[in-house]
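Source file: model_2.json; contents: JSON, C-alpha atoms and all ligand atoms.
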[["chain", "number", "residue", "atom", "x", "y", "z"],
["A", 1, "MET", "CA", 0.00, 0.00, 0.00],
["A", 2, "THR", "CA", 1.37, 3.47, -0.84],
["A", 3, "THR", "CA", 1.64, 5.91, 2.05],
["A", 4, "PRO", "CA", -0.89, 8.71, 1.55],
["A", 5, "ALA", "CA", 0.03, 12.38, 1.70],
["A", 6, "ILE", "CA", -0.51, 13.81, 5.16],
["A", 7, "ASP", "CA", -0.68, 17.46, 6.26],
["A", 8, "SER", "CA", 2.31, 17.60, 8.65],
["A", 9, "ARG", "CA", 0.17, 19.59, 11.10],
["A", 10, "ASN", "CA", -2.20, 16.58, 11.37],
["A", 11, "ALA", "CA", 0.67, 14.20, 12.21],
["A", 12, "ASP", "CA", -0.22, 13.91, 15.90],
["A", 13, "GLN", "CA", -3.83, 12.98, 14.99],
["A", 14, "VAL", "CA", -2.54, 10.40, 12.50],
["A", 15, "ALA", "CA", -0.45, 8.90, 15.32],
["A", 16, "TYR", "CA", -3.39, 9.08, 17.76],
["A", 17, "TRP", "CA", -5.93, 7.34, 15.49],
["A", 18, "ASN", "CA", -3.41, 4.69, 14.42],
["A", 19, "GLY", "CA", -2.25, 4.08, 18.01],
["A", 20, "ALA", "CA", -4.09, 2.91, 21.11],
["A", 21, "ALA", "CA", -7.11, 5.16, 20.46],
["A", 22, "GLY", "CA", -7.73, 3.76, 16.97],
["A", 23, "HIS", "CA", -7.46, 0.21, 18.31],
["A", 24, "CYS", "CA", -9.84, 0.97, 21.22],
["A", 25, "TRP", "CA", -12.41, 2.46, 18.81],
["A", 26, "THR", "CA", -12.04, -0.64, 16.63],
["A", 27, "ASP", "CA", -12.45, -3.00, 19.60],
["A", 28, "LEU", "CA", -15.53, -1.06, 20.70],
["A", 29, "GLN", "CA", -17.01, -0.81, 17.18],
["A", 30, "GLN", "CA", -20.15, -2.87, 17.88],
["A", 31, "VAL", "CA", -20.91, -0.93, 21.07],
["A", 32, "GLN", "CA", -20.12, 2.46, 19.50],
["A", 33, "ASP", "CA", -22.38, 1.72, 16.55],
["A", 34, "VAL", "CA", -25.29, 1.26, 18.97],
["A", 35, "VAL", "CA", -24.36, 4.22, 21.22],
["A", 36, "LEU", "CA", -24.08, 6.61, 18.27],
["A", 37, "ALA", "CA", -27.03, 5.23, 16.27],
["A", 38, "PRO", "CA", -29.33, 8.14, 17.27],
["A", 39, "VAL", "CA", -26.75, 10.57, 15.83],
["A", 40, "SER", "CA", -26.62, 8.64, 12.52],
["A", 41, "ALA", "CA", -30.40, 8.63, 12.28],
["A", 42, "ALA", "CA", -30.70, 12.39, 12.88],
["A", 43, "LEU", "CA", -27.79, 13.24, 10.57],
["A", 44, "ILE", "CA", -28.91, 11.01, 7.70],
["A", 45, "GLU", "CA", -32.39, 12.48, 7.85],
["A", 46, "LYS", "CA", -30.85, 15.96, 7.70],
["A", 47, "ALA", "CA", -28.41, 15.07, 4.88],
["A", 48, "ALA", "CA", -31.20, 13.42, 2.85],
["A", 49, "PRO", "CA", -29.03, 11.19, 0.61],
["A", 50, "LYS", "CA", -30.87, 10.28, -2.59],
["A", 51, "ALA", "CA", -30.84, 7.19, -4.81],
["A", 52, "GLY", "CA", -27.88, 7.22, -7.17],
["A", 53, "GLU", "CA", -25.88, 9.91, -5.37],
["A", 54, "THR", "CA", -22.14, 9.92, -4.79],
["A", 55, "VAL", "CA", -21.27, 10.50, -1.15],
["A", 56, "ILE", "CA", -17.95, 11.00, 0.65],
["A", 57, "ASP", "CA", -17.97, 9.99, 4.33],
["A", 58, "ILE", "CA", -15.17, 11.94, 6.00],
["A", 59, "GLY", "CA", -13.46, 10.30, 9.00],
["A", 60, "CYS", "CA", -15.64, 7.24, 8.40],
["A", 61, "GLY", "CA", -13.90, 5.17, 11.07],
["A", 62, "CYS", "CA", -15.22, 1.58, 11.17],
["A", 63, "GLY", "CA", -17.81, 2.41, 8.50],
["A", 64, "ALA", "CA", -21.18, 2.47, 10.32],
["A", 65, "THR", "CA", -22.38, 5.62, 8.58],
["A", 66, "SER", "CA", -20.90, 4.59, 5.21],
["A", 67, "PHE", "CA", -23.05, 1.44, 5.33],
["A", 68, "ALA", "CA", -26.13, 3.45, 6.32],
["A", 69, "LEU", "CA", -25.47, 5.84, 3.41],
["A", 70, "VAL", "CA", -25.14, 2.92, 0.98],
["A", 71, "ARG", "CA", -28.57, 1.68, 2.05],
["A", 72, "ALA", "CA", -29.97, 5.16, 1.30],
["A", 73, "ILE", "CA", -28.35, 5.72, -2.11],
["A", 74, "GLY", "CA", -28.87, 2.20, -3.47],
["A", 75, "ALA", "CA", -27.02, 0.15, -6.06],
["A", 76, "ASN", "CA", -26.56, 3.03, -8.53],
["A", 77, "GLY", "CA", -24.91, 5.34, -6.03],
["A", 78, "ARG", "CA", -21.44, 5.23, -4.53],
["A", 79, "VAL", "CA", -19.99, 5.89, -1.08],
["A", 80, "LEU", "CA", -16.33, 6.62, -0.47],
["A", 81, "GLY", "CA", -15.27, 6.36, 3.18],
["A", 82, "VAL", "CA", -12.10, 8.32, 3.95],
["A", 83, "ASP", "CA", -10.04, 8.02, 7.12],
["A", 84, "ILE", "CA", -6.48, 8.27, 8.42],
["A", 85, "SER", "CA", -6.81, 5.27, 10.77],
["A", 86, "GLU", "CA", -5.62, 1.95, 9.35],
["A", 87, "PRO", "CA", -7.13, -0.21, 12.13],
["A", 88, "MET", "CA", -10.55, 1.43, 11.81],
["A", 89, "LEU", "CA", -10.53, 1.24, 8.00],
["A", 90, "SER", "CA", -9.49, -2.38, 8.17],
["A", 91, "ARG", "CA", -12.55, -3.13, 10.34],
["A", 92, "ALA", "CA", -14.75, -1.18, 7.87],
["A", 93, "ARG", "CA", -13.41, -3.23, 4.93],
["A", 94, "ASN", "CA", -14.06, -6.47, 6.83],
["A", 95, "LEU", "CA", -17.64, -5.43, 7.57],
["A", 96, "ALA", "CA", -18.44, -4.38, 3.98],
["A", 97, "GLU", "CA", -20.79, -6.80, 2.25],
["A", 98, "PRO", "CA", -19.50, -7.99, -1.14],
["A", 99, "GLY", "CA", -20.93, -6.15, -4.10],
["A", 100, "VAL", "CA", -22.21, -3.06, -2.26],
["A", 101, "PRO", "CA", -21.02, 0.24, -3.77],
["A", 102, "VAL", "CA", -18.72, 1.35, -0.95],
["A", 103, "ASP", "CA", -14.95, 1.88, -0.98],
["A", 104, "PHE", "CA", -12.70, 2.76, 1.91],
["A", 105, "MET", "CA", -9.57, 4.86, 1.42],
["A", 106, "LEU", "CA", -6.71, 5.73, 3.73],
["A", 107, "ALA", "CA", -6.27, 9.48, 3.23],
["A", 108, "ASP", "CA", -5.94, 12.77, 5.09],
["A", 109, "ALA", "CA", -9.02, 14.81, 4.11],
["A", 110, "THR", "CA", -6.98, 18.02, 4.47],
["A", 111, "VAL", "CA", -4.70, 17.29, 1.52],
["A", 112, "HIS", "CA", -6.13, 14.33, -0.41],
["A", 113, "PRO", "CA", -6.56, 15.26, -4.11],
["A", 114, "PHE", "CA", -10.26, 14.31, -4.38],
["A", 115, "ALA", "CA", -11.69, 14.01, -7.89],
["A", 116, "PRO", "CA", -12.95, 17.57, -8.49],
["A", 117, "ALA", "CA", -16.71, 18.22, -8.47],
["A", 118, "GLY", "CA", -17.48, 14.49, -8.36],
["A", 119, "ALA", "CA", -19.60, 14.21, -5.20],
["A", 120, "ASP", "CA", -23.18, 15.20, -4.37],
["A", 121, "LEU", "CA", -22.79, 15.02, -0.60],
["A", 122, "LEU", "CA", -19.94, 15.41, 1.89],
["A", 123, "PHE", "CA", -20.98, 13.69, 5.09],
["A", 124, "SER", "CA", -19.35, 13.15, 8.50],
["A", 125, "ARG", "CA", -20.33, 11.83, 11.90],
["A", 126, "PHE", "CA", -17.73, 13.32, 14.27],
["A", 127, "GLY", "CA", -14.87, 13.02, 11.75],
["A", 128, "VAL", "CA", -14.17, 16.71, 11.12],
["A", 129, "MET", "CA", -13.15, 18.14, 14.50],
["A", 130, "PHE", "CA", -9.56, 16.89, 14.40],
["A", 131, "PHE", "CA", -8.03, 19.02, 11.64],
["A", 132, "ALA", "CA", -5.15, 21.34, 12.62],
["A", 133, "GLU", "CA", -6.22, 23.82, 9.91],
["A", 134, "PRO", "CA", -9.95, 23.23, 9.45],
["A", 135, "ALA", "CA", -10.59, 25.99, 6.89],
["A", 136, "LYS", "CA", -7.88, 24.49, 4.65],
["A", 137, "SER", "CA", -9.37, 21.00, 5.16],
["A", 138, "PHE", "CA", -12.93, 22.11, 4.35],
["A", 139, "ALA", "CA", -11.75, 24.08, 1.30],
["A", 140, "ASN", "CA", -10.02, 20.94, 0.03],
["A", 141, "MET", "CA", -13.12, 18.80, 0.68],
["A", 142, "ARG", "CA", -15.43, 21.40, -0.89],
["A", 143, "ARG", "CA", -13.61, 21.04, -4.21],
["A", 144, "ALA", "CA", -14.78, 17.40, -4.25],
["A", 145, "LEU", "CA", -18.41, 18.62, -4.39],
["A", 146, "ARG", "CA", -20.23, 19.44, -7.59],
["A", 147, "ARG", "CA", -21.84, 22.88, -7.85],
["A", 148, "GLY", "CA", -24.92, 22.76, -5.61],
["A", 149, "GLY", "CA", -23.48, 19.80, -3.66],
["A", 150, "ARG", "CA", -24.26, 19.51, 0.05],
["A", 151, "LEU", "CA", -22.23, 19.30, 3.23],
["A", 152, "ALA", "CA", -23.80, 17.62, 6.30],
["A", 153, "PHE", "CA", -21.97, 16.72, 9.49],
["A", 154, "ALA", "CA", -22.50, 16.17, 13.21],
["A", 155, "CYS", "CA", -20.17, 17.59, 15.86],
["A", 156, "TRP", "CA", -20.41, 17.81, 19.64],
["A", 157, "ARG", "CA", -21.56, 20.89, 21.49],
["A", 158, "THR", "CA", -19.81, 21.88, 24.74],
["A", 159, "PRO", "CA", -18.51, 19.40, 27.35],
["A", 160, "ARG", "CA", -21.09, 20.77, 29.84],
["A", 161, "GLU", "CA", -23.87, 19.75, 27.41],
["A", 162, "ASN", "CA", -22.45, 16.21, 27.02],
["A", 163, "PRO", "CA", -22.74, 14.43, 30.38],
["A", 164, "TRP", "CA", -22.41, 11.06, 28.61],
["A", 165, "MET", "CA", -18.73, 11.95, 28.03],
["A", 166, "MET", "CA", -18.03, 14.11, 31.07],
["A", 167, "LEU", "CA", -19.63, 12.27, 34.03],
["A", 168, "GLY", "CA", -16.98, 9.53, 33.84],
["A", 169, "LEU", "CA", -14.20, 12.13, 33.67],
["A", 170, "LYS", "CA", -15.59, 13.88, 36.77],
["A", 171, "GLU", "CA", -15.35, 10.58, 38.69],
["A", 172, "ALA", "CA", -11.83, 9.90, 37.35],
["A", 173, "TYR", "CA", -10.65, 13.31, 38.54],
["A", 174, "LYS", "CA", -11.32, 12.23, 42.15],
["A", 175, "TYR", "CA", -8.27, 9.93, 41.78],
["A", 176, "VAL", "CA", -6.04, 11.09, 38.91],
["A", 177, "PRO", "CA", -4.62, 14.48, 37.85],
["A", 178, "LYS", "CA", -6.64, 16.70, 35.52],
["A", 179, "LEU", "CA", -5.74, 16.66, 31.83],
["A", 180, "GLN", "CA", -3.75, 19.62, 30.50],
["A", 181, "PRO", "CA", -6.30, 22.32, 29.66],
["A", 182, "MET", "CA", -6.84, 22.54, 25.88],
["A", 183, "ASP", "CA", -7.45, 25.63, 23.85],
["A", 184, "PRO", "CA", -11.12, 25.36, 22.72],
["A", 185, "GLU", "CA", -9.89, 25.55, 19.10],
["A", 186, "ASP", "CA", -7.31, 22.75, 19.47],
["A", 187, "PRO", "CA", -8.26, 19.65, 17.45],
["A", 188, "GLY", "CA", -10.44, 17.41, 19.60],
["A", 189, "PRO", "CA", -14.04, 16.29, 20.17],
["A", 190, "PHE", "CA", -15.23, 19.71, 21.36],
["A", 191, "SER", "CA", -13.34, 21.94, 18.92],
["A", 192, "PHE", "CA", -16.52, 22.65, 16.90],
["A", 193, "ALA", "CA", -18.71, 23.45, 19.91],
["A", 194, "SER", "CA", -18.74, 27.16, 19.04],
["A", 195, "GLU", "CA", -21.35, 28.09, 16.44],
["A", 196, "GLU", "CA", -19.40, 31.24, 15.62],
["A", 197, "ARG", "CA", -16.21, 29.25, 14.94],
["A", 198, "VAL", "CA", -17.88, 26.65, 12.72],
["A", 199, "ASN", "CA", -19.51, 29.43, 10.67],
["A", 200, "ARG", "CA", -16.18, 31.24, 10.35],
["A", 201, "ILE", "CA", -14.41, 28.05, 9.14],
["A", 202, "LEU", "CA", -17.08, 27.14, 6.59],
["A", 203, "VAL", "CA", -17.32, 30.68, 5.17],
["A", 204, "GLU", "CA", -13.53, 30.81, 4.82],
["A", 205, "ALA", "CA", -13.65, 27.42, 3.06],
["A", 206, "GLY", "CA", -16.15, 28.78, 0.51],
["A", 207, "PHE", "CA", -19.42, 27.22, 1.72],
["A", 208, "ALA", "CA", -22.74, 29.09, 1.69],
["A", 209, "ASP", "CA", -26.23, 28.64, 3.20],
["A", 210, "ILE", "CA", -24.67, 27.43, 6.46],
["A", 211, "ARG", "CA", -27.19, 26.16, 9.00],
["A", 212, "MET", "CA", -26.56, 24.73, 12.47],
["A", 213, "GLU", "CA", -29.30, 23.00, 14.38],
["A", 214, "PRO", "CA", -28.75, 22.07, 18.04],
["A", 215, "VAL", "CA", -30.07, 18.59, 18.85],
["A", 216, "ASP", "CA", -30.26, 16.96, 22.30],
["A", 217, "LEU", "CA", -30.15, 13.18, 22.47],
["A", 218, "LEU", "CA", -30.09, 10.31, 24.93],
["A", 219, "LEU", "CA", -27.08, 8.09, 24.24],
["A", 220, "GLU", "CA", -27.30, 4.57, 25.60],
["A", 221, "VAL", "CA", -23.70, 3.97, 26.68],
["A", 222, "ALA", "CA", -24.21, 0.29, 27.63],
["A", 223, "ALA", "CA", -25.55, -0.57, 24.15],
["A", 224, "GLY", "CA", -28.11, -2.80, 25.89],
["A", 225, "ARG", "CA", -25.36, -4.99, 27.41],
["A", 226, "GLY", "CA", -25.60, -3.93, 31.05],
["A", 227, "LEU", "CA", -23.49, -2.01, 33.54],
["A", 228, "GLU", "CA", -20.06, -3.58, 32.82],
["A", 229, "ALA", "CA", -20.35, -2.72, 29.12],
["A", 230, "ALA", "CA", -21.08, 0.89, 30.06],
["A", 231, "VAL", "CA", -18.05, 0.95, 32.38],
["A", 232, "GLN", "CA", -15.76, -0.47, 29.67],
["A", 233, "ALA", "CA", -17.05, 1.98, 27.04],
["A", 234, "THR", "CA", -16.56, 4.91, 29.44],
["A", 235, "ILE", "CA", -12.98, 4.09, 30.43],
["A", 236, "SER", "CA", -11.84, 2.92, 26.98],
["A", 237, "ILE", "CA", -12.31, 6.01, 24.81],
["A", 238, "GLY", "CA", -12.57, 9.78, 24.97],
["A", 239, "PRO", "CA", -11.40, 12.13, 27.73],
["A", 240, "THR", "CA", -11.88, 9.63, 30.59],
["A", 241, "ASN", "CA", -9.58, 7.18, 28.82],
["A", 242, "ARG", "CA", -6.97, 9.91, 28.29],
["A", 243, "ALA", "CA", -7.10, 10.91, 31.97],
["A", 244, "LEU", "CA", -6.60, 7.29, 33.12],
["A", 245, "GLU", "CA", -3.81, 6.57, 30.63],
["A", 246, "ASN", "CA", -0.44, 5.77, 32.30],
["A", 247, "GLN", "CA", -1.85, 6.24, 35.83],
["A", 248, "PRO", "CA", -0.98, 3.82, 38.67],
["A", 249, "ALA", "CA", -3.15, 0.68, 38.71],
["A", 250, "ASP", "CA", -4.60, 1.40, 42.18],
["A", 251, "LYS", "CA", -5.78, 4.86, 41.06],
["A", 252, "VAL", "CA", -7.26, 3.47, 37.85],
["A", 253, "GLY", "CA", -9.00, 0.77, 39.91],
["A", 254, "ALA", "CA", -10.46, 3.31, 42.35],
["A", 255, "ALA", "CA", -11.58, 5.60, 39.50],
["A", 256, "THR", "CA", -13.18, 2.66, 37.69],
["A", 257, "ARG", "CA", -15.15, 1.67, 40.83],
["A", 258, "SER", "CA", -16.33, 5.25, 41.20],
["A", 259, "ILE", "CA", -17.37, 5.36, 37.52],
["A", 260, "ARG", "CA", -19.24, 2.05, 37.97],
["A", 261, "ASP", "CA", -21.18, 3.48, 40.97],
["A", 262, "MET", "CA", -22.04, 6.64, 39.01],
["A", 263, "LEU", "CA", -23.24, 4.63, 35.98],
["A", 264, "ALA", "CA", -25.21, 2.25, 38.26],
["A", 265, "SER", "CA", -27.23, 5.22, 39.46],
["A", 266, "HIS", "CA", -28.39, 5.71, 35.81],
["A", 267, "LEU", "CA", -28.98, 2.00, 35.08],
["A", 268, "LYS", "CA", -32.39, 1.12, 33.59],
["A", 269, "GLY", "CA", -32.59, -2.62, 33.00],
["A", 270, "ASP", "CA", -29.54, -3.37, 30.82],
["A", 271, "THR", "CA", -29.30, 0.18, 29.54],
["A", 272, "VAL", "CA", -27.53, 3.33, 30.74],
["A", 273, "PRO", "CA", -29.03, 6.35, 28.94],
["A", 274, "LEU", "CA", -27.07, 9.60, 29.37],
["A", 275, "GLY", "CA", -27.54, 13.02, 27.80],
["A", 276, "GLY", "CA", -25.60, 14.18, 24.76],
["A", 277, "SER", "CA", -25.87, 17.22, 22.53],
["A", 278, "ILE", "CA", -24.73, 17.87, 18.99],
["A", 279, "TRP", "CA", -24.84, 20.36, 16.18],
["A", 280, "LEU", "CA", -26.26, 19.16, 12.89],
["A", 281, "VAL", "CA", -24.44, 21.34, 10.38],
["A", 282, "THR", "CA", -25.43, 21.74, 6.73],
["A", 283, "ALA", "CA", -24.07, 23.95, 3.96],
["A", 284, "ILE", "CA", -23.98, 24.20, 0.16],
["A", 285, "ASN", "CA", -21.18, 24.53, -2.37],
["A", 286, "HIS", "CA", -22.29, 27.17, -4.90],
["A", 287, "ASN", "CA", -18.94, 27.36, -6.71],
["A", 301, "LIG", "C1", -14.46, 10.29, 16.62],
["A", 301, "LIG", "S1", -13.94, 9.26, 15.31],
["A", 301, "LIG", "C2", -15.45, 9.06, 14.41],
["A", 301, "LIG", "C3", -15.44, 7.86, 13.53],
["A", 301, "LIG", "C4", -16.76, 7.58, 12.79],
["A", 301, "LIG", "N1", -17.15, 8.67, 11.91],
["A", 301, "LIG", "C5", -17.87, 7.27, 13.75],
["A", 301, "LIG", "O1", -18.75, 8.12, 13.95],
["A", 301, "LIG", "O2", -17.86, 6.16, 14.33],
["A", 301, "LIG", "C6", -13.06, 10.45, 14.30],
["A", 301, "LIG", "C7", -12.50, 9.86, 13.01],
["A", 301, "LIG", "O3", -11.94, 10.90, 12.22],
["A", 301, "LIG", "C8", -10.77, 10.39, 11.61],
["A", 301, "LIG", "N2", -9.91, 11.52, 11.20],
["A", 301, "LIG", "C9", -9.28, 12.40, 12.00],
["A", 301, "LIG", "N3", -8.55, 13.27, 11.27],
["A", 301, "LIG", "C10", -8.73, 12.93, 9.95],
["A", 301, "LIG", "C11", -8.24, 13.44, 8.72],
["A", 301, "LIG", "N4", -7.39, 14.48, 8.67],
["A", 301, "LIG", "N5", -8.65, 12.85, 7.56],
["A", 301, "LIG", "C12", -9.48, 11.78, 7.58],
["A", 301, "LIG", "N6", -9.97, 11.25, 8.73],
["A", 301, "LIG", "C13", -9.61, 11.81, 9.90],
["A", 301, "LIG", "C14", -10.16, 9.51, 12.69],
["A", 301, "LIG", "O4", -9.21, 8.59, 12.20],
["A", 301, "LIG", "C15", -11.40, 8.83, 13.25],
["A", 301, "LIG", "O5", -11.72, 7.65, 12.58]]
What would the structure in this file look like if it were written as structure tokens?
Amino acid sequence: MTTPAIDSRNADQVAYWNGAAGHCWTDLQQVQDVVLAPVSAALIEKAAPKAGETVIDIGCGCGATSFALVRAIGANGRVLGVDISEPMLSRARNLAEPGVPVDFMLADATVHPFAPAGADLLFSRFGVMFFAEPAKSFANMRRALRRGGRLAFACWRTPRENPWMMLGLKEAYKYVPKLQPMDPEDPGPFSFASEERVNRILVEAGFADIRMEPVDLLLEVAAGRGLEAAVQATISIGPTNRALENQPADKVGAATRSIRDMLASHLKGDTVPLGGSIWLVTAINHN
């Protein structure tokens, strides 16, 4: 396989998503697909993919949304899933049913030379908040859209509005040091929380008719598999995982027990529903 071109400023994200984080996401793929299913449903409804369309799924990860898009566009359409993570793309390729019109490509969306004006829809579930230079990345992706082509993506709103990600971290902080504070514009899950910033990036990238709809959701972090599944999902990815990384085993053990108690207080049968909040962002390429 040839090594794809990478924007050097995205190198740390390439390392992150090909290292432990990419492997954890891959291991948790089945659970994550259930946890994030309400986001896919809301975003696909908003993006309105049509039969026969060509769609690019940016930061497609293990492919859940690419497969959902294929079902929407049918046999005469085409979906291209793009990601920088080899382990996640490898899972996506393994999950792809033979003969369905989906391809997966290892590429950095910031610099990949997409076929110009070839796509009807640029789509992403949480794959666009990790670019070092987002306006450059979106300008590059926009050139892949035909005139009148659509952009539709989901991104997280603020940490405060996402208890499903932050409640575990709050428990962890009782036992381990706080993470280094990040600049709100540093690449990361919350870097698109600001409506003003997302607008600024998309205007600079040449998009028009930008709309952002706030949506509140319940995310079921156990994926119907009970308390232990919720604990594992909470400590294995995201900010709680980063806070527990490289900490002494006794501290990690104490934090995990505390997280289990917190999640138990939200347990309903085999489910643990927690609040999440996203922006559904849409825009048009008029160029
Ligand atoms: C939070 S995960 C979301 C994965 C998937 N869309 C989902 O919802 O399950 C973010 C994804 O964006 C990918 N990503 C980050 N930077 C990227 C870049 N510059 N180009 C392409 N993909 C990128 C990561 O490798 C990762 O798979």
Residues of chain A at most 9 Å from ligand LIG 301 (chain A): nearest atom pair and distance in Å, only C-alpha atoms and all ligand atoms, as JSON lines:
{"residue": "A:Ile6", "atom": "CA", "partner": "A:LIG301", "partner_atom": "N4", "distance": 7.8}
{"residue": "A:Asp7", "atom": "CA", "partner": "A:LIG301", "partner_atom": "N4", "distance": 7.7}
{"residue": "A:Asn10", "atom": "CA", "partner": "A:LIG301", "partner_atom": "N4", "distance": 6.2}
{"residue": "A:Ala11", "atom": "CA", "partner": "A:LIG301", "partner_atom": "N4", "distance": 8.8}
{"residue": "A:Gln13", "atom": "CA", "partner": "A:LIG301", "partner_atom": "N3", "distance": 6.0}
{"residue": "A:Val14", "atom": "CA", "partner": "A:LIG301", "partner_atom": "N3", "distance": 6.8}
{"residue": "A:Tyr16", "atom": "CA", "partner": "A:LIG301", "partner_atom": "O4", "distance": 8.1}
{"residue": "A:Trp17", "atom": "CA", "partner": "A:LIG301", "partner_atom": "O4", "distance": 4.8}
{"residue": "A:Asn18", "atom": "CA", "partner": "A:LIG301", "partner_atom": "O4", "distance": 7.3}
{"residue": "A:Gly22", "atom": "CA", "partner": "A:LIG301", "partner_atom": "O4", "distance": 6.9}
{"residue": "A:Trp25", "atom": "CA", "partner": "A:LIG301", "partner_atom": "S1", "distance": 7.8}
{"residue": "A:Gln29", "atom": "CA", "partner": "A:LIG301", "partner_atom": "O2", "distance": 7.6}
{"residue": "A:Gln32", "atom": "CA", "partner": "A:LIG301", "partner_atom": "O2", "distance": 6.7}
{"residue": "A:Asp33", "atom": "CA", "partner": "A:LIG301", "partner_atom": "O2", "distance": 6.7}
{"residue": "A:Leu36", "atom": "CA", "partner": "A:LIG301", "partner_atom": "O1", "distance": 7.0}
{"residue": "A:Val39", "atom": "CA", "partner": "A:LIG301", "partner_atom": "O1", "distance": 8.6}
{"residue": "A:Ser40", "atom": "CA", "partner": "A:LIG301", "partner_atom": "O1", "distance": 8.0}
{"residue": "A:Asp57", "atom": "CA", "partner": "A:LIG301", "partner_atom": "N1", "distance": 7.7}
{"residue": "A:Ile58", "atom": "CA", "partner": "A:LIG301", "partner_atom": "C12", "distance": 5.9}
{"residue": "A:Gly59", "atom": "CA", "partner": "A:LIG301", "partner_atom": "O3", "distance": 3.6}
{"residue": "A:Cys60", "atom": "CA", "partner": "A:LIG301", "partner_atom": "N1", "distance": 4.1}
{"residue": "A:Gly61", "atom": "CA", "partner": "A:LIG301", "partner_atom": "O5", "distance": 3.6}
{"residue": "A:Cys62", "atom": "CA", "partner": "A:LIG301", "partner_atom": "O2", "distance": 6.2}
{"residue": "A:Gly63", "atom": "CA", "partner": "A:LIG301", "partner_atom": "C4", "distance": 6.8}
{"residue": "A:Ala64", "atom": "CA", "partner": "A:LIG301", "partner_atom": "O2", "distance": 6.4}
{"residue": "A:Thr65", "atom": "CA", "partner": "A:LIG301", "partner_atom": "N1", "distance": 6.9}
{"residue": "A:Ser66", "atom": "CA", "partner": "A:LIG301", "partner_atom": "N1", "distance": 8.7}
{"residue": "A:Val82", "atom": "CA", "partner": "A:LIG301", "partner_atom": "C12", "distance": 5.7}
{"residue": "A:Asp83", "atom": "CA", "partner": "A:LIG301", "partner_atom": "N6", "distance": 3.6}
{"residue": "A:Ile84", "atom": "CA", "partner": "A:LIG301", "partner_atom": "N6", "distance": 4.6}
{"residue": "A:Ser85", "atom": "CA", "partner": "A:LIG301", "partner_atom": "O4", "distance": 4.3}
{"residue": "A:Glu86", "atom": "CA", "partner": "A:LIG301", "partner_atom": "O4", "distance": 8.1}
{"residue": "A:Met88", "atom": "CA", "partner": "A:LIG301", "partner_atom": "O5", "distance": 6.4}
{"residue": "A:Leu89", "atom": "CA", "partner": "A:LIG301", "partner_atom": "O5", "distance": 8.0}
{"residue": "A:Leu106", "atom": "CA", "partner": "A:LIG301", "partner_atom": "C12", "distance": 7.7}
{"residue": "A:Ala107", "atom": "CA", "partner": "A:LIG301", "partner_atom": "C12", "distance": 5.9}
{"residue": "A:Asp108", "atom": "CA", "partner": "A:LIG301", "partner_atom": "N5", "distance": 3.7}
{"residue": "A:Ala109", "atom": "CA", "partner": "A:LIG301", "partner_atom": "N5", "distance": 4.0}
{"residue": "A:Thr110", "atom": "CA", "partner": "A:LIG301", "partner_atom": "N4", "distance": 5.5}
{"residue": "A:Val111", "atom": "CA", "partner": "A:LIG301", "partner_atom": "N4", "distance": 8.1}
{"residue": "A:His112", "atom": "CA", "partner": "A:LIG301", "partner_atom": "N5", "distance": 8.5}
{"residue": "A:Ser124", "atom": "CA", "partner": "A:LIG301", "partner_atom": "N1", "distance": 6.0}
{"residue": "A:Arg125", "atom": "CA", "partner": "A:LIG301", "partner_atom": "N1", "distance": 4.5}
{"residue": "A:Phe126", "atom": "CA", "partner": "A:LIG301", "partner_atom": "C2", "distance": 4.8}
{"residue": "A:Gly127", "atom": "CA", "partner": "A:LIG301", "partner_atom": "O3", "distance": 3.6}
{"residue": "A:Val128", "atom": "CA", "partner": "A:LIG301", "partner_atom": "O3", "distance": 6.3}
{"residue": "A:Met129", "atom": "CA", "partner": "A:LIG301", "partner_atom": "C9", "distance": 7.4}
{"residue": "A:Phe130", "atom": "CA", "partner": "A:LIG301", "partner_atom": "N3", "distance": 4.9}
{"residue": "A:Phe131", "atom": "CA", "partner": "A:LIG301", "partner_atom": "N4", "distance": 5.5}
{"residue": "A:Ala132", "atom": "CA", "partner": "A:LIG301", "partner_atom": "N4", "distance": 8.2}
{"residue": "A:Ser137", "atom": "CA", "partner": "A:LIG301", "partner_atom": "N4", "distance": 7.7}
{"residue": "A:Ala154", "atom": "CA", "partner": "A:LIG301", "partner_atom": "O1", "distance": 8.9}
{"residue": "A:Pro187", "atom": "CA", "partner": "A:LIG301", "partner_atom": "N3", "distance": 8.9}
{"residue": "A:Gly188", "atom": "CA", "partner": "A:LIG301", "partner_atom": "C1", "distance": 8.7}
{"residue": "A:Pro189", "atom": "CA", "partner": "A:LIG301", "partner_atom": "C1", "distance": 7.0}
{"residue": "A:Gly238", "atom": "CA", "partner": "A:LIG301", "partner_atom": "C1", "distance": 8.6}
Next item on the list: Would you mind telling me which residue in A:Ala48, A:Ile73, A:Met165, A:Ala243 lies nearest to Glu220 in chain A when using only C-alpha atoms?
Entry: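 Nearest to Glu220 in chain A: A:Met165.
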Item checked: Nearby residues (only C-alpha atoms) at most 12 Å from Ala96 in chain A, same-chain spacing under 2 positions excluded, as a ChimeraX atom specification -> /A:62-68,70-71,79,81,89-94,98-104
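Proximity of A:Leu244, A:Ala117, A:Ala15, A:Leu151 to Leu179 in chain A, computed with all atoms listed in the file, is greatest for A:Leu244.
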Fewer than 6 positions away in the same chain doesn't count, so skip those; otherwise give me all residues within 8 Å of Phe138 in chain A, counting only C-alpha atoms, as a CSV table (one decimal) with C-alpha atoms, in the frame of the given file.
chain,number,residue,atom,x,y,z
A,110,THR,CA,-7.0,18.0,4.5
A,201,ILE,CA,-14.4,28.0,9.1
A,202,LEU,CA,-17.1,27.1,6.6
A,205,ALA,CA,-13.6,27.4,3.1
Next item on the list: Could you tell me how far CA of Leu274 in chain A lies from CA of Thr256 in chain A, in Å and to one decimal?
Entry: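 Here the two named atoms are 17.6 Å from each other.
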